[in-house]
$ cat query_0.cif   # mmCIF, C-alpha atoms
data_model
loop_
_atom_site.label_atom_id
_atom_site.label_comp_id
_atom_site.auth_asym_id
_atom_site.auth_seq_id
_atom_site.Cartn_x
_atom_site.Cartn_y
_atom_site.Cartn_z
CA MET A 1 87.15 69.85 105.93
CA ALA A 2 87.09 67.51 108.91
CA TYR A 3 86.75 63.74 108.91
CA TRP A 4 84.62 61.56 111.16
CA LEU A 5 83.50 58.01 111.76
CA MET A 6 79.86 57.30 112.60
CA LYS A 7 78.75 53.94 113.97
CA SER A 8 75.38 52.35 113.45
CA GLU A 9 74.05 48.90 114.15
CA PRO A 10 72.93 47.67 110.73
CA PHE A 11 69.77 46.04 112.08
CA LYS A 12 68.72 49.51 113.30
CA TYR A 13 70.09 51.73 110.51
CA SER A 14 72.38 50.38 107.79
CA TRP A 15 74.23 51.81 104.83
CA ASP A 16 71.42 50.48 102.60
CA ASP A 17 68.86 52.33 104.74
CA LEU A 18 70.75 55.58 104.21
CA VAL A 19 70.95 54.99 100.46
CA ALA A 20 67.20 54.24 100.33
CA GLU A 21 66.37 57.43 102.26
CA GLY A 22 68.70 59.66 100.28
CA GLU A 23 69.35 61.79 103.37
CA GLY A 24 69.20 60.44 106.89
CA THR A 25 69.15 62.00 110.34
CA TRP A 26 71.94 60.88 112.66
CA ASP A 27 70.17 60.97 115.99
CA GLY A 28 69.90 59.04 119.24
CA VAL A 29 73.47 59.82 120.35
CA ARG A 30 73.65 59.90 124.16
CA ASN A 31 77.34 60.34 124.88
CA TYR A 32 78.74 63.82 125.55
CA LEU A 33 81.95 63.41 123.53
CA ALA A 34 80.00 61.98 120.58
CA ARG A 35 77.49 64.85 120.91
CA ASN A 36 80.33 67.37 120.89
CA ASN A 37 81.67 65.73 117.74
CA LEU A 38 78.25 66.09 116.12
CA ARG A 39 78.20 69.76 117.11
CA ALA A 40 81.68 70.29 115.62
CA MET A 41 80.66 68.98 112.20
CA GLN A 42 80.33 71.30 109.23
CA VAL A 43 78.40 70.88 106.00
CA GLY A 44 80.64 69.05 103.54
CA ASP A 45 82.63 67.15 106.17
CA GLU A 46 82.94 63.46 105.38
CA ALA A 47 82.42 60.48 107.66
CA PHE A 48 83.13 56.80 107.44
CA PHE A 49 79.96 54.78 107.90
CA TYR A 50 80.76 51.93 110.28
CA HIS A 51 78.52 48.91 110.88
CA SER A 52 78.80 48.07 114.58
CA ARG A 53 77.79 44.87 116.36
CA GLU A 54 77.12 43.09 113.04
CA GLY A 55 79.83 43.26 110.41
CA LEU A 56 82.26 45.38 112.44
CA GLU A 57 83.50 47.17 109.35
CA ILE A 58 83.64 50.51 107.57
CA VAL A 59 81.31 50.13 104.60
CA GLY A 60 81.38 53.56 102.97
CA ILE A 61 81.59 57.33 103.16
CA CYS A 62 78.78 59.71 103.91
CA GLU A 63 78.76 63.49 103.71
CA ILE A 64 77.38 65.84 106.35
CA SER A 65 74.52 67.75 104.72
CA VAL A 66 72.81 69.61 107.60
CA VAL A 67 74.32 70.56 110.95
CA GLY A 68 73.15 72.06 114.22
CA ILE A 69 69.75 70.45 114.50
CA PRO A 70 68.16 69.32 117.75
CA ASP A 71 67.89 65.57 118.12
CA PRO A 72 64.28 64.69 117.26
CA THR A 73 64.41 61.71 119.65
CA ASP A 74 65.35 63.91 122.63
CA THR A 75 62.73 65.52 124.86
CA THR A 76 65.29 67.31 127.06
CA GLY A 77 66.78 69.57 124.38
CA LYS A 78 70.40 68.79 125.27
CA TRP A 79 71.27 66.37 122.45
CA SER A 80 72.14 67.18 118.85
CA ALA A 81 71.82 65.56 115.45
CA VAL A 82 73.03 66.06 111.89
CA LYS A 83 71.82 64.95 108.49
CA VAL A 84 73.98 62.84 106.19
CA ARG A 85 73.94 61.66 102.59
CA ALA A 86 75.57 58.54 101.19
CA LYS A 87 78.59 59.41 99.07
CA GLU A 88 80.52 56.20 98.31
CA LYS A 89 79.99 52.55 99.14
CA PHE A 90 83.24 50.63 99.51
CA ALA A 91 83.62 47.71 97.12
CA ARG A 92 85.84 46.26 99.82
CA PRO A 93 84.67 47.10 103.38
CA VAL A 94 87.44 47.64 105.93
CA PRO A 95 87.01 45.27 108.90
CA LEU A 96 87.80 46.30 112.46
CA ALA A 97 90.34 43.46 112.72
CA ALA A 98 92.32 44.95 109.81
CA ILE A 99 92.15 48.42 111.36
CA LYS A 100 93.46 47.09 114.67
CA ALA A 101 96.26 45.23 112.86
CA GLU A 102 97.44 48.39 111.07
CA PRO A 103 100.10 50.14 113.22
CA ARG A 104 99.37 53.54 111.64
CA LEU A 105 95.83 53.33 113.06
CA ALA A 106 96.79 52.40 116.64
CA GLN A 107 95.75 55.84 117.94
CA MET A 108 92.49 56.01 115.96
CA GLU A 109 89.53 56.79 118.23
CA LEU A 110 87.73 53.75 116.83
CA VAL A 111 90.50 51.63 118.35
CA ARG A 112 91.17 53.60 121.55
CA LEU A 113 87.59 54.61 122.42
CA SER A 114 85.73 51.56 121.19
CA ARG A 115 82.34 52.56 122.64
CA LEU A 116 82.33 56.06 121.12
CA SER A 117 79.67 56.20 118.40
CA VAL A 118 80.84 59.38 116.63
CA CYS A 119 84.62 59.65 116.35
CA ALA A 120 87.03 62.19 114.93
CA VAL A 121 89.38 60.83 112.25
CA THR A 122 92.68 62.52 111.40
CA PRO A 123 93.51 63.20 107.73
CA GLU A 124 96.32 60.64 107.96
CA GLU A 125 93.98 57.96 109.36
CA TRP A 126 91.45 58.84 106.65
CA GLN A 127 94.02 58.21 103.91
CA VAL A 128 95.15 54.90 105.43
CA VAL A 129 91.59 53.58 105.66
CA LEU A 130 90.82 54.75 102.11
CA ALA A 131 93.90 52.89 100.85
CA MET A 132 92.79 49.77 102.74
CA SER A 133 89.38 49.94 101.07
CA ARG A 134 90.93 50.05 97.62
CA THR A 135 93.49 47.25 97.84
#

$ encode --input "query_0.cif" --output "structure tokens"
Amino acid sequence: MAYWLMKSEPFKYSWDDLVAEGEGTWDGVRNYLARNNLRAMQVGDEAFFYHSREGLEIVGICEISVVGIPDPTDTTGKWSAVKVRAKEKFARPVPLAAIKAEPRLAQMELVRLSRLSVCAVTPEEWQVVLAMSRT
């Protein structure tokens, strides 16, 4: 299993929107590295759901449910999408400021590549963030 972080602006698509839908399509990604990350995902992989612009925090975990689909918002055919399902809402969201203050997360793509909307997360980073959400 691989781990990811997926960013969404909550006024466009929030954690609550995903919960209400049951299964959402992660589309509209227009960055090649983020697209490659979407293409690398497998069913059952887990991703942190990060509220960008507003909140600036990881609010929960979603699970990749469908992979390898063309982005329905793309007319060129070169962009990809996946489907996700909500798995766990954090009782205590993990703010970006806390992530940046944690030395073990200094190399996390969220910190190093701040504009990347779909990031890989190492198993070690995953465990650190999970611990932060539960303390």

$ resolve_selection --input "query_0.cif" --expression "the PyMOL selection byres ((chain A and resi 129) around 12)" --output "JSON list (two decimals) with C-alpha atoms, in the frame of the given file"
[["chain", "number", "residue", "atom", "x", "y", "z"],
["A", 3, "TYR", "CA", 86.75, 63.74, 108.91],
["A", 4, "TRP", "CA", 84.62, 61.56, 111.16],
["A", 5, "LEU", "CA", 83.50, 58.01, 111.76],
["A", 47, "ALA", "CA", 82.42, 60.48, 107.66],
["A", 48, "PHE", "CA", 83.13, 56.80, 107.44],
["A", 49, "PHE", "CA", 79.96, 54.78, 107.90],
["A", 50, "TYR", "CA", 80.76, 51.93, 110.28],
["A", 57, "GLU", "CA", 83.50, 47.17, 109.35],
["A", 58, "ILE", "CA", 83.64, 50.51, 107.57],
["A", 59, "VAL", "CA", 81.31, 50.13, 104.60],
["A", 60, "GLY", "CA", 81.38, 53.56, 102.97],
["A", 61, "ILE", "CA", 81.59, 57.33, 103.16],
["A", 90, "PHE", "CA", 83.24, 50.63, 99.51],
["A", 92, "ARG", "CA", 85.84, 46.26, 99.82],
["A", 93, "PRO", "CA", 84.67, 47.10, 103.38],
["A", 94, "VAL", "CA", 87.44, 47.64, 105.93],
["A", 95, "PRO", "CA", 87.01, 45.27, 108.90],
["A", 96, "LEU", "CA", 87.80, 46.30, 112.46],
["A", 98, "ALA", "CA", 92.32, 44.95, 109.81],
["A", 99, "ILE", "CA", 92.15, 48.42, 111.36],
["A", 100, "LYS", "CA", 93.46, 47.09, 114.67],
["A", 101, "ALA", "CA", 96.26, 45.23, 112.86],
["A", 102, "GLU", "CA", 97.44, 48.39, 111.07],
["A", 103, "PRO", "CA", 100.10, 50.14, 113.22],
["A", 104, "ARG", "CA", 99.37, 53.54, 111.64],
["A", 105, "LEU", "CA", 95.83, 53.33, 113.06],
["A", 108, "MET", "CA", 92.49, 56.01, 115.96],
["A", 110, "LEU", "CA", 87.73, 53.75, 116.83],
["A", 121, "VAL", "CA", 89.38, 60.83, 112.25],
["A", 122, "THR", "CA", 92.68, 62.52, 111.40],
["A", 123, "PRO", "CA", 93.51, 63.20, 107.73],
["A", 124, "GLU", "CA", 96.32, 60.64, 107.96],
["A", 125, "GLU", "CA", 93.98, 57.96, 109.36],
["A", 126, "TRP", "CA", 91.45, 58.84, 106.65],
["A", 127, "GLN", "CA", 94.02, 58.21, 103.91],
["A", 128, "VAL", "CA", 95.15, 54.90, 105.43],
["A", 130, "LEU", "CA", 90.82, 54.75, 102.11],
["A", 131, "ALA", "CA", 93.90, 52.89, 100.85],
["A", 132, "MET", "CA", 92.79, 49.77, 102.74],
["A", 133, "SER", "CA", 89.38, 49.94, 101.07],
["A", 134, "ARG", "CA", 90.93, 50.05, 97.62],
["A", 135, "THR", "CA", 93.49, 47.25, 97.84]]

$ resolve_selection --input "query_0.cif" --expression "the PyMOL selection byres ((chain A and resi 36-44) around 8)" --output "PyMOL selection string"
chain A and resi 1-2+32-35+45-46+63-68+80-82+118-120

$ closest_residue --input "query_0.cif" --among "A:Thr25, A:Thr75, A:Asn31, A:Ser52" --to "Pro10 (chain A)" --atoms "all atoms listed in the file"
A:Ser52

$ closest_residue --input "query_0.cif" --among "A:Arg112, A:Lys89, A:Lys83, A:His51" --to "Ser14 (chain A)" --atoms "only C-alpha atoms"
A:His51

$ atom_distance --input "query_0.cif" --atom1 "CA of Asp27 (chain A)" --atom2 "CA of Lys87 (chain A)"
19.0 Å

$ resolve_selection --input "query_0.cif" --expression "the PyMOL selection byres ((chain A and resi 28) around 9)" --output "ChimeraX atom specification"
/A:26-27,29-30,71-74,79-81

$ atom_distance --input "query_0.cif" --atom1 "CA of Gly24 (chain A)" --atom2 "CA of Gln107 (chain A)"
29.1 Å

$ atom_distance --input "query_0.cif" --atom1 "CA of Ser117 (chain A)" --atom2 "CA of Lys78 (chain A)"
17.1 Å
